[in-house]
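**Q** File model-v3.txt follows (compact mmCIF, C-alpha atoms (C1' of nucleotides)):
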# COMPACT_ATOMS: atom_id res chain seq x y z
CA MET A 1 -0.08 10.24 -6.89
CA ALA A 2 1.13 13.44 -5.34
CA ASN A 3 4.66 14.66 -5.59
CA HIS A 4 7.15 13.01 -3.25
CA ASP A 5 8.12 16.36 -1.86
CA THR A 6 4.51 17.20 -1.12
CA LYS A 7 4.08 13.93 0.71
CA LEU A 8 7.13 14.62 2.87
CA SER A 9 5.72 18.03 3.72
CA LEU A 10 2.42 16.51 4.81
CA ILE A 11 4.15 13.90 6.94
CA PHE A 12 6.51 16.29 8.72
CA GLN A 13 3.71 18.79 9.19
CA ALA A 14 1.59 16.06 10.75
CA LEU A 15 4.41 14.96 13.05
CA SER A 16 5.16 18.50 14.17
CA ASP A 17 2.24 18.60 16.59
CA PRO A 18 2.65 17.00 20.04
CA THR A 19 -1.03 16.08 20.24
CA ARG A 20 -0.79 14.19 16.98
CA ARG A 21 2.39 12.44 18.08
CA ALA A 22 0.62 11.41 21.28
CA MET A 23 -2.25 10.03 19.23
CA LEU A 24 0.18 8.07 17.09
CA ALA A 25 1.83 6.68 20.20
CA HIS A 26 -1.59 5.71 21.50
CA LEU A 27 -2.23 3.85 18.24
CA SER A 28 0.81 1.68 18.79
CA GLN A 29 -1.46 -0.22 21.13
CA GLY A 30 -3.56 -1.16 18.14
CA ALA A 31 -6.68 0.09 16.39
CA VAL A 32 -8.73 2.47 18.49
CA PRO A 33 -12.05 4.27 17.96
CA VAL A 34 -12.06 8.05 17.62
CA SER A 35 -13.59 8.79 21.00
CA GLU A 36 -11.06 6.68 22.88
CA LEU A 37 -8.29 8.42 20.99
CA ALA A 38 -9.82 11.76 21.96
CA ARG A 39 -10.26 11.10 25.67
CA PRO A 40 -6.63 11.39 26.89
CA THR A 41 -6.08 14.55 24.87
CA GLY A 42 -8.73 16.55 26.73
CA LEU A 43 -9.66 18.22 23.43
CA ALA A 44 -13.10 18.61 21.91
CA LEU A 45 -14.09 15.90 19.45
CA PRO A 46 -14.16 18.13 16.35
CA THR A 47 -10.65 19.24 17.18
CA VAL A 48 -9.49 15.65 17.39
CA MET A 49 -11.25 14.89 14.11
CA ARG A 50 -9.15 17.51 12.40
CA HIS A 51 -5.95 16.07 13.82
CA LEU A 52 -7.04 12.70 12.50
CA GLN A 53 -7.66 14.21 9.10
CA VAL A 54 -4.14 15.59 9.05
CA LEU A 55 -2.68 12.25 10.05
CA GLU A 56 -4.72 10.42 7.45
CA ASP A 57 -3.83 12.90 4.69
CA ALA A 58 -0.20 12.23 5.56
CA ALA A 59 -0.86 8.48 5.32
CA LEU A 60 0.36 8.06 8.89
CA ILE A 61 -2.90 6.40 9.87
CA SER A 62 -5.81 4.75 8.16
CA THR A 63 -9.39 4.78 9.40
CA GLU A 64 -12.45 2.74 8.69
CA LYS A 65 -15.97 3.28 9.81
CA THR A 66 -18.19 0.38 10.79
CA GLY A 67 -21.59 1.16 12.16
CA ARG A 68 -21.25 4.45 13.95
CA THR A 69 -17.71 4.03 15.25
CA ARG A 70 -14.58 4.82 13.26
CA MET A 71 -11.50 2.75 14.01
CA CYS A 72 -8.06 4.27 13.53
CA SER A 73 -4.79 2.43 13.04
CA ALA A 74 -1.17 3.36 12.44
CA ARG A 75 0.62 2.91 9.12
CA PRO A 76 4.26 2.10 9.95
CA GLU A 77 5.32 1.99 6.30
CA THR A 78 4.89 5.75 6.04
CA LEU A 79 7.26 6.28 8.94
CA SER A 80 9.71 3.96 7.21
CA ALA A 81 9.59 5.94 4.00
CA THR A 82 10.22 9.13 5.92
CA MET A 83 13.15 7.60 7.74
CA ASP A 84 14.59 6.68 4.38
CA TRP A 85 14.64 10.32 3.38
CA MET A 86 16.29 11.35 6.63
CA SER A 87 18.74 8.55 6.49
CA GLU A 88 19.75 9.59 2.98
CA GLN A 89 20.24 13.20 3.99
CA ARG A 90 22.27 12.25 7.01
CA ALA A 91 24.41 9.88 5.02
CA ILE A 92 25.39 12.64 2.60
CA TRP A 93 26.22 15.02 5.42
CA VAL A 94 28.20 12.47 7.34
CA ALA A 95 30.07 11.32 4.25
CA ARG A 96 31.10 14.89 3.67
CA THR A 97 32.15 15.40 7.26
CA ASP A 98 34.19 12.21 7.10
CA ARG A 99 35.94 13.31 3.92
CA LEU A 100 36.67 16.64 5.55
CA GLU A 101 38.06 15.01 8.65
CA ALA A 102 40.16 12.65 6.58
CA MET A 103 41.53 15.61 4.65
CA LEU A 104 42.32 17.51 7.82
CA LYS A 105 43.98 14.44 9.28
CA THR A 106 46.07 13.99 6.15
CA LEU A 107 47.13 17.60 6.28
CA GLY A 108 47.95 17.18 9.95
CA GLU A 109 50.16 14.19 9.21
CA LYS A 110 51.93 16.01 6.45
CA ASP A 111 52.53 18.76 8.96
CA THR A 112 54.20 16.43 11.44
CA MET B 113 17.40 22.47 27.89
CA ALA B 114 13.95 22.45 26.41
CA ASN B 115 11.58 19.56 26.70
CA HIS B 116 12.29 16.65 24.38
CA ASP B 117 8.80 16.87 22.97
CA THR B 118 9.22 20.55 22.22
CA LYS B 119 12.46 19.82 20.40
CA LEU B 120 10.78 17.19 18.24
CA SER B 121 8.05 19.68 17.38
CA LEU B 122 10.59 22.26 16.30
CA ILE B 123 12.46 19.74 14.18
CA PHE B 124 9.43 18.33 12.39
CA GLN B 125 8.03 21.81 11.91
CA ALA B 126 11.32 22.88 10.36
CA LEU B 127 11.39 19.86 8.06
CA SER B 128 7.80 20.38 6.94
CA ASP B 129 8.70 23.14 4.49
CA PRO B 130 10.10 22.20 1.05
CA THR B 131 12.20 25.35 0.87
CA ARG B 132 13.89 24.49 4.13
CA ARG B 133 14.44 20.90 3.06
CA ALA B 134 16.02 22.21 -0.14
CA MET B 135 18.28 24.44 1.91
CA LEU B 136 19.31 21.50 4.06
CA ALA B 137 20.07 19.49 0.94
CA HIS B 138 22.15 22.37 -0.34
CA LEU B 139 24.10 22.34 2.92
CA SER B 140 25.12 18.76 2.35
CA GLN B 141 27.68 20.26 0.00
CA GLY B 142 29.27 21.89 3.00
CA ALA B 143 29.16 25.24 4.77
CA VAL B 144 27.61 27.99 2.70
CA PRO B 145 27.04 31.73 3.24
CA VAL B 146 23.48 33.02 3.59
CA SER B 147 23.34 34.70 0.22
CA GLU B 148 24.47 31.63 -1.68
CA LEU B 149 21.88 29.59 0.19
CA ALA B 150 19.27 32.16 -0.78
CA ARG B 151 20.07 32.36 -4.49
CA PRO B 152 18.60 29.05 -5.73
CA THR B 153 15.40 29.59 -3.74
CA GLY B 154 14.47 32.77 -5.58
CA LEU B 155 13.21 34.22 -2.31
CA ALA B 156 14.01 37.58 -0.77
CA LEU B 157 16.87 37.58 1.72
CA PRO B 158 14.76 38.40 4.79
CA THR B 159 12.51 35.47 3.94
CA VAL B 160 15.50 33.17 3.75
CA MET B 161 16.76 34.55 7.05
CA ARG B 162 13.56 33.46 8.72
CA HIS B 163 13.86 29.97 7.31
CA LEU B 164 17.39 29.85 8.65
CA GLN B 165 16.16 30.96 12.04
CA VAL B 166 13.66 28.12 12.08
CA LEU B 167 16.32 25.61 11.08
CA GLU B 168 18.73 26.91 13.68
CA ASP B 169 16.09 26.89 16.44
CA ALA B 170 15.49 23.27 15.56
CA ALA B 171 19.24 22.61 15.82
CA LEU B 172 19.24 21.32 12.25
CA ILE B 173 21.91 23.81 11.27
CA SER B 174 24.45 25.98 12.99
CA THR B 175 25.64 29.33 11.76
CA GLU B 176 28.61 31.51 12.48
CA LYS B 177 29.29 35.03 11.39
CA THR B 178 32.76 36.13 10.39
CA GLY B 179 33.19 39.59 8.98
CA ARG B 180 29.96 40.38 7.20
CA THR B 181 29.18 36.92 5.94
CA ARG B 182 27.37 34.24 7.93
CA MET B 183 28.27 30.66 7.17
CA CYS B 184 25.66 27.95 7.64
CA SER B 185 26.29 24.25 8.12
CA ALA B 186 24.19 21.16 8.72
CA ARG B 187 23.99 19.32 12.04
CA PRO B 188 23.53 15.63 11.22
CA GLU B 189 23.27 14.60 14.87
CA THR B 190 19.89 16.28 15.12
CA LEU B 191 18.58 14.22 12.23
CA SER B 192 19.94 11.14 13.95
CA ALA B 193 18.10 11.95 17.16
CA THR B 194 14.89 12.43 15.24
CA MET B 195 15.33 9.15 13.45
CA ASP B 196 15.72 7.50 16.81
CA TRP B 197 12.26 8.66 17.80
CA MET B 198 10.75 7.48 14.53
CA SER B 199 12.56 4.22 14.68
CA GLU B 200 11.23 3.62 18.19
CA GLN B 201 7.66 4.36 17.17
CA ARG B 202 7.88 2.15 14.16
CA ALA B 203 9.41 -0.67 16.16
CA ILE B 204 6.47 -0.66 18.55
CA TRP B 205 3.95 -0.65 15.71
CA VAL B 206 5.73 -3.35 13.79
CA ALA B 207 6.20 -5.50 16.88
CA ARG B 208 2.48 -5.31 17.44
CA THR B 209 1.68 -6.12 13.84
CA ASP B 210 4.06 -9.09 13.98
CA ARG B 211 2.41 -10.38 17.13
CA LEU B 212 -0.95 -10.00 15.50
CA GLU B 213 0.16 -11.84 12.41
CA ALA B 214 1.74 -14.57 14.48
CA MET B 215 -1.49 -14.93 16.39
CA LEU B 216 -3.55 -15.08 13.23
CA LYS B 217 -1.17 -17.64 11.79
CA THR B 218 -1.41 -19.77 14.91
CA LEU B 219 -5.16 -19.62 14.77
CA GLY B 220 -5.02 -20.55 11.11
CA GLU B 221 -2.85 -23.58 11.82
CA LYS B 222 -5.14 -24.73 14.60
CA ASP B 223 -7.91 -24.44 12.07
CA THR B 224 -6.20 -26.77 9.59
C1' DC C 225 -40.49 5.63 17.02
C1' DT C 226 -37.79 7.88 20.51
C1' DG C 227 -33.70 8.65 22.75
C1' DT C 228 -28.76 8.07 23.14
C1' DT C 229 -24.32 7.54 21.29
C1' DA C 230 -20.67 8.47 18.06
C1' DC C 231 -19.28 11.05 14.84
C1' DT C 232 -19.58 14.98 11.47
C1' DT C 233 -20.19 19.65 9.55
C1' DA C 234 -20.27 24.64 9.82
C1' DG C 235 -18.65 28.63 11.44
C1' DC C 236 -15.83 31.56 14.40
C1' DA C 237 -11.60 33.50 17.04
C1' DT C 238 -6.79 33.55 17.72
C1' DT C 239 -2.24 32.76 16.57
C1' DA C 240 1.45 31.13 13.57
C1' DT C 241 3.63 30.89 9.01
C1' DG C 242 5.55 32.46 4.79
C1' DG C 243 6.01 35.91 1.68
C1' DC C 244 7.17 40.92 0.63
C1' DT C 245 9.47 45.95 0.82
C1' DA C 246 11.95 49.51 2.97
C1' DA C 247 15.19 50.96 5.98
C1' DT C 248 19.25 50.00 8.97
C1' DC C 249 23.84 48.16 10.42
C1' DA C 250 28.45 46.59 9.77
C1' DT C 251 32.40 45.36 7.18
C1' DG C 252 35.50 45.53 3.52
C1' DA C 253 37.23 47.99 -0.79
C1' DC C 254 38.77 52.35 -2.86
C1' DG D 255 35.93 59.07 4.37
C1' DT D 256 32.74 57.08 0.93
C1' DC D 257 30.57 53.58 -1.22
C1' DA D 258 29.19 48.95 -2.16
C1' DT D 259 27.96 44.51 -0.20
C1' DG D 260 26.03 41.09 2.99
C1' DA D 261 23.16 40.65 6.55
C1' DT D 262 19.61 42.20 9.67
C1' DT D 263 15.39 44.53 11.62
C1' DA D 264 10.77 46.33 11.37
C1' DG D 265 6.46 46.19 9.63
C1' DC D 266 2.89 44.74 6.48
C1' DC D 267 -0.29 41.29 4.13
C1' DA D 268 -2.46 36.82 3.05
C1' DT D 269 -3.18 32.28 4.30
C1' DA D 270 -3.11 28.20 7.17
C1' DA D 271 -3.32 25.96 11.71
C1' DT D 272 -5.47 25.01 16.18
C1' DG D 273 -8.73 25.56 19.31
C1' DC D 274 -13.82 26.20 20.36
C1' DT D 275 -19.33 25.79 20.29
C1' DA D 276 -23.53 24.64 18.20
C1' DA D 277 -26.10 22.15 15.23
C1' DG D 278 -26.66 18.06 12.22
C1' DT D 279 -26.53 12.99 10.73
C1' DA D 280 -26.58 8.03 11.44
C1' DA D 281 -26.81 3.80 13.87
C1' DC D 282 -28.12 1.14 17.73
C1' DA D 283 -31.11 0.28 22.09
C1' DG D 284 -35.46 -0.03 24.17
For the file at hand, write its structure as structure tokens.
**A**
Amino acid sequence: MANHDTKLSLIFQALSDPTRRAMLAHLSQGAVPVSELARPTGLALPTVMRHLQVLEDAALISTEKTGRTRMCSARPETLSATMDWMSEQRAIWVARTDRLEAMLKTLGEKDT
Amino acid sequence: MANHDTKLSLIFQALSDPTRRAMLAHLSQGAVPVSELARPTGLALPTVMRHLQVLEDAALISTEKTGRTRMCSARPETLSATMDWMSEQRAIWVARTDRLEAMLKTLGEKDT
DNA sequence: CTGTTACTTAGCATTATGGCTAATCATGAC
DNA sequence: GTCATGATTAGCCATAATGCTAAGTAACAG
């Protein structure tokens, strides 16, 4: 299994493109074949394929081919894992800010 | 104010680099001058400056110059906003999955 | 078996990203 | 003033990302 840091990079990289975010949003409606996913983007199929590859490498979607159509579906658990990271970061920042504010408040009271 | 979608792109793009994530983590310890932020990365100063620019454009940090040193600090509210987007996406996906599971379960019970 | 459909692969052009060095600017210390 | 320090700007290089077209494969339809 790849490094956690590497995985985060892949996920954020994948999410950084508006086209890919739109495709993810589209997938919230359920599993969808490649060509239907491509249609609203107005992009050429090979281009869409590469976006899908990026999303799949990041584990944000999974795909399965049956016959000649490939179905794509979202993987919410990856988003959850990413939110965990963000949530952790934010918590540390906020905790610090709170401590700082408390300190300033204490100093202020002493001053009164 | 820029488009919401554009902002998300900037944020995710900024978060997609491990060096920048490390710098953000470093900033959880509080405001830090550019050179101290640069030291642990082992990168040249101009390189670090560009990372900072990316982070600032994404509103993930704010910086202020006093004298000849520039202090950098984290902006947790931007992370929060980003989590909101993710949380929304995930909620839709999960809701759908739940519905699907409920449906399958119902079908299963009928079958019994 | 022939044609159509749905992807897939290969290759190319353009732009963005991430790194560097060298040179410049601005402030603070002597 | 002169010099050191911290940051900044300019410019270069290598690689990766995003788009395309054209050609190839694979399954289904008749």
**Q** Give me, as a ChimeraX atom specification, the contact residues of chain B against chain A at a cut-off of 6 Å, counting all atoms listed in the file.
**A** /B:121,124-125,128-129,140,188,202,205
**Q** Distance limit 7 Å, atoms considered: only C-alpha atoms (C1' of nucleotides). Which chain A residues sit that close to chain D? Return them as a list of chain:residue names.
**A**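 Result: A:Thr47, A:Gly67, A:Arg68.
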**Q** Using 9 Å as the limit and counting only C-alpha atoms (C1' of nucleotides), can you tabulate each residue of chain C that touches chain A, with its shortest atom-to-atom distance in Å and the two atoms involved, as a Markdown table?
**A**
| residue | atom | partner | partner_atom | distance |
| --- | --- | --- | --- | --- |
| C:DT229 | C1' | A:Arg68 | CA | 8.5 |
| C:DA230 | C1' | A:Arg68 | CA | 5.8 |
| C:DC231 | C1' | A:Arg68 | CA | 6.9 |
| C:DT232 | C1' | A:Pro46 | CA | 7.9 |
**Q** Set up a box along x, y and z of the file covering all listed atoms of stretch 70-76 of chain A, add 5 Å on every one of the six sides, and write the centre and edge lengths in Å to one decimal, as lines of an AutoDock Vina configuration file.
**A**
center_x = -5.2
center_y = 3.5
center_z = 11.6
size_x = 28.8
size_y = 12.7
size_z = 14.9
**Q** Please compute the atom CA of B:Val166-atom C1' of C:DA250 distance, one decimal, in Å.
**A**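 So the answer is 23.8 Å.
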**Q** Between atom CA of B:Ala193 and atom CA of B:Asp169, what is the distance, to one decimal in Å?
**A**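 Atom CA of B:Asp169 lies 15.1 Å from atom CA of B:Ala193.
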**Q** Report, in Å with one decimal, the straight-line distance from atom CA of B:Thr153 to atom C1' of C:DG252.
**A**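 Pair atom CA of B:Thr153 / atom C1' of C:DG252 returns 26.7 Å.
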